[in-house]
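Comments concern the structure below.
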Amino acid sequence: MAVVAAYLAEHYATPLRIADVARACHVSVRTLQNLCHAHCGEPPLKMLRRFRLQKLHHAVIGHPWTPLRVHYGSCGLNGSLADRDLFLQIYGCTVREHQEACRSKRYLHALAPDLVRSA
């Protein structure tokens, strides 16, 4: 699993197929599926999607003014309904709501020193 995780961490932004991951990790597709189910409780593609969404989450925090389509592309996602639904399930808000919250926090954080001085 360490080899699988390292490979996914290095190549998550590129289009990946299960066969590619299995070949790179020197296991069969079925072995890869069994490993992922045993260690993560989910299929390899869902594990990859979850990893990519985690990267998306952090990318939006770091750069909330960057358009979402750019963030999606840099994380190997396309903004599909499945991506958006899993993000909502994991984080409890939509990607757009997350982006707006990050923008507001940045904006308010930038204003805080001025607000403190005027008080």
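Identifiers in the structure tokens: chain A, B, ... in order shown; residue index from 1 per chain; ligand index from 1 in order shown.
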Sorted by chain and rising residue number, list the residues of stretch 30-61 of chain A at most 9 Å from stretch 91-99 of chain A (counting only C-alpha atoms), each with its closest atom pair and distance in Å to one decimal, as CSV.
residue,atom,partner,partner_atom,distance
A:Leu56,CA,A:Val95,CA,8.6
A:His57,CA,A:Val95,CA,7.8
A:Val60,CA,A:Gln99,CA,6.0
A:Ile61,CA,A:Gln99,CA,7.3
Taking 3 positions as the minimum chain separation for residues in the same chain, which residues sit within 12 Å of stretch 26-38 of chain A when counting only C-alpha atoms? Answer as a PDB file with N, CA, C and O atoms, in the first residue's frame.
ATOM      1  N   MET A   1       0.827  -1.193   0.000  1.00  0.00           N
ATOM      2  CA  MET A   1       0.000   0.000   0.000  1.00  0.00           C
ATOM      3  C   MET A   1       0.869   1.254   0.000  1.00  0.00           C
ATOM      4  O   MET A   1       0.457   2.273  -0.535  1.00  0.00           O
ATOM      5  N   ALA A   2       2.042   1.176   0.596  1.00  0.00           N
ATOM      6  CA  ALA A   2       2.927   2.342   0.612  1.00  0.00           C
ATOM      7  C   ALA A   2       3.343   2.724  -0.804  1.00  0.00           C
ATOM      8  O   ALA A   2       3.409   3.909  -1.145  1.00  0.00           O
ATOM      9  N   VAL A   3       3.601   1.725  -1.634  1.00  0.00           N
ATOM     10  CA  VAL A   3       3.987   1.980  -3.025  1.00  0.00           C
ATOM     11  C   VAL A   3       2.804   2.597  -3.780  1.00  0.00           C
ATOM     12  O   VAL A   3       2.973   3.545  -4.544  1.00  0.00           O
ATOM     13  N   VAL A   4       1.615   2.074  -3.547  1.00  0.00           N
ATOM     14  CA  VAL A   4       0.410   2.607  -4.191  1.00  0.00           C
ATOM     15  C   VAL A   4       0.198   4.058  -3.773  1.00  0.00           C
ATOM     16  O   VAL A   4      -0.027   4.933  -4.613  1.00  0.00           O
ATOM     17  N   ALA A   5       0.281   4.323  -2.477  1.00  0.00           N
ATOM     18  CA  ALA A   5       0.074   5.685  -1.970  1.00  0.00           C
ATOM     19  C   ALA A   5       1.104   6.654  -2.538  1.00  0.00           C
ATOM     20  O   ALA A   5       0.771   7.778  -2.924  1.00  0.00           O
ATOM     21  N   TYR A   7       2.761   6.351  -5.359  1.00  0.00           N
ATOM     22  CA  TYR A   7       2.496   6.535  -6.790  1.00  0.00           C
ATOM     23  C   TYR A   7       1.330   7.500  -6.999  1.00  0.00           C
ATOM     24  O   TYR A   7       1.403   8.404  -7.834  1.00  0.00           O
ATOM     25  N   ARG A  17      -5.565   5.363 -14.817  1.00  0.00           N
ATOM     26  CA  ARG A  17      -6.466   4.211 -14.883  1.00  0.00           C
ATOM     27  C   ARG A  17      -5.946   3.195 -13.874  1.00  0.00           C
ATOM     28  O   ARG A  17      -4.759   3.171 -13.561  1.00  0.00           O
ATOM     29  N   ILE A  18      -6.843   2.361 -13.417  1.00  0.00           N
ATOM     30  CA  ILE A  18      -6.456   1.348 -12.436  1.00  0.00           C
ATOM     31  C   ILE A  18      -5.346   0.460 -12.982  1.00  0.00           C
ATOM     32  O   ILE A  18      -4.401   0.117 -12.271  1.00  0.00           O
ATOM     33  N   ALA A  19      -5.444   0.108 -14.252  1.00  0.00           N
ATOM     34  CA  ALA A  19      -4.413  -0.741 -14.855  1.00  0.00           C
ATOM     35  C   ALA A  19      -3.040  -0.067 -14.813  1.00  0.00           C
ATOM     36  O   ALA A  19      -2.021  -0.735 -14.587  1.00  0.00           O
ATOM     37  N   ASP A  20      -3.002   1.254 -15.001  1.00  0.00           N
ATOM     38  CA  ASP A  20      -1.735   1.988 -14.941  1.00  0.00           C
ATOM     39  C   ASP A  20      -1.129   1.934 -13.543  1.00  0.00           C
ATOM     40  O   ASP A  20       0.072   1.728 -13.376  1.00  0.00           O
ATOM     41  N   VAL A  21      -1.974   2.142 -12.545  1.00  0.00           N
ATOM     42  CA  VAL A  21      -1.506   2.122 -11.153  1.00  0.00           C
ATOM     43  C   VAL A  21      -1.005   0.726 -10.798  1.00  0.00           C
ATOM     44  O   VAL A  21       0.069   0.572 -10.206  1.00  0.00           O
ATOM     45  N   ALA A  22      -1.778  -0.290 -11.158  1.00  0.00           N
ATOM     46  CA  ALA A  22      -1.387  -1.666 -10.855  1.00  0.00           C
ATOM     47  C   ALA A  22      -0.055  -2.011 -11.519  1.00  0.00           C
ATOM     48  O   ALA A  22       0.834  -2.583 -10.876  1.00  0.00           O
ATOM     49  N   ARG A  23       0.092  -1.633 -12.769  1.00  0.00           N
ATOM     50  CA  ARG A  23       1.334  -1.922 -13.505  1.00  0.00           C
ATOM     51  C   ARG A  23       2.518  -1.220 -12.840  1.00  0.00           C
ATOM     52  O   ARG A  23       3.583  -1.817 -12.648  1.00  0.00           O
ATOM     53  N   GLY A  41     -11.074   0.237   2.638  1.00  0.00           N
ATOM     54  CA  GLY A  41     -12.493  -0.068   2.618  1.00  0.00           C
ATOM     55  C   GLY A  41     -13.226   0.478   1.415  1.00  0.00           C
ATOM     56  O   GLY A  41     -14.456   0.581   1.422  1.00  0.00           O
ATOM     57  N   GLU A  42     -12.492   0.838   0.380  1.00  0.00           N
ATOM     58  CA  GLU A  42     -13.122   1.367  -0.829  1.00  0.00           C
ATOM     59  C   GLU A  42     -12.289   1.010  -2.053  1.00  0.00           C
ATOM     60  O   GLU A  42     -11.108   0.701  -1.934  1.00  0.00           O
ATOM     61  N   PRO A  43     -12.907   1.077  -3.236  1.00  0.00           N
ATOM     62  CA  PRO A  43     -12.174   0.759  -4.459  1.00  0.00           C
ATOM     63  C   PRO A  43     -11.070   1.777  -4.737  1.00  0.00           C
ATOM     64  O   PRO A  43     -11.118   2.914  -4.253  1.00  0.00           O
ATOM     65  N   PRO A  44     -10.081   1.401  -5.522  1.00  0.00           N
ATOM     66  CA  PRO A  44      -8.956   2.300  -5.788  1.00  0.00           C
ATOM     67  C   PRO A  44      -9.358   3.619  -6.434  1.00  0.00           C
ATOM     68  O   PRO A  44      -8.797   4.670  -6.106  1.00  0.00           O
ATOM     69  N   LEU A  45     -10.328   3.616  -7.339  1.00  0.00           N
ATOM     70  CA  LEU A  45     -10.722   4.870  -7.982  1.00  0.00           C
ATOM     71  C   LEU A  45     -11.370   5.832  -6.992  1.00  0.00           C
ATOM     72  O   LEU A  45     -11.162   7.047  -7.057  1.00  0.00           O
ATOM     73  N   LYS A  46     -12.154   5.300  -6.068  1.00  0.00           N
ATOM     74  CA  LYS A  46     -12.758   6.169  -5.052  1.00  0.00           C
ATOM     75  C   LYS A  46     -11.685   6.702  -4.105  1.00  0.00           C
ATOM     76  O   LYS A  46     -11.722   7.853  -3.695  1.00  0.00           O
ATOM     77  N   MET A  47     -10.702   5.867  -3.787  1.00  0.00           N
ATOM     78  CA  MET A  47      -9.587   6.302  -2.958  1.00  0.00           C
ATOM     79  C   MET A  47      -8.832   7.435  -3.649  1.00  0.00           C
ATOM     80  O   MET A  47      -8.487   8.444  -3.024  1.00  0.00           O
ATOM     81  N   LEU A  48      -8.609   7.284  -4.962  1.00  0.00           N
ATOM     82  CA  LEU A  48      -7.939   8.321  -5.737  1.00  0.00           C
ATOM     83  C   LEU A  48      -8.775   9.594  -5.772  1.00  0.00           C
ATOM     84  O   LEU A  48      -8.251  10.695  -5.586  1.00  0.00           O
TER      85      LEU A  48
END
Query raised in the report: Running DSSP on the backbone, which parts of stretch 47-109 of chain A land in helix (DSSP H, G or I), as an NGL selection string?
Result: :A and (47-62 or 68-74 or 81-91 or 95-109)
Requested in this report: Rank nothing, just name the residue among A:Leu16, A:Gln89, A:Asp83, A:Ala9 nearest to A:Arg49, using only C-alpha atoms.
Outcome: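 Using only C-alpha atoms, A:Arg49 sits closest to A:Asp83.
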**Report entry** Nearest to A:His58 by atom-to-atom distance, counting only C-alpha atoms, from A:Ala6, A:Cys40, A:Gly73, A:Cys102
**Finding:** A:Cys102
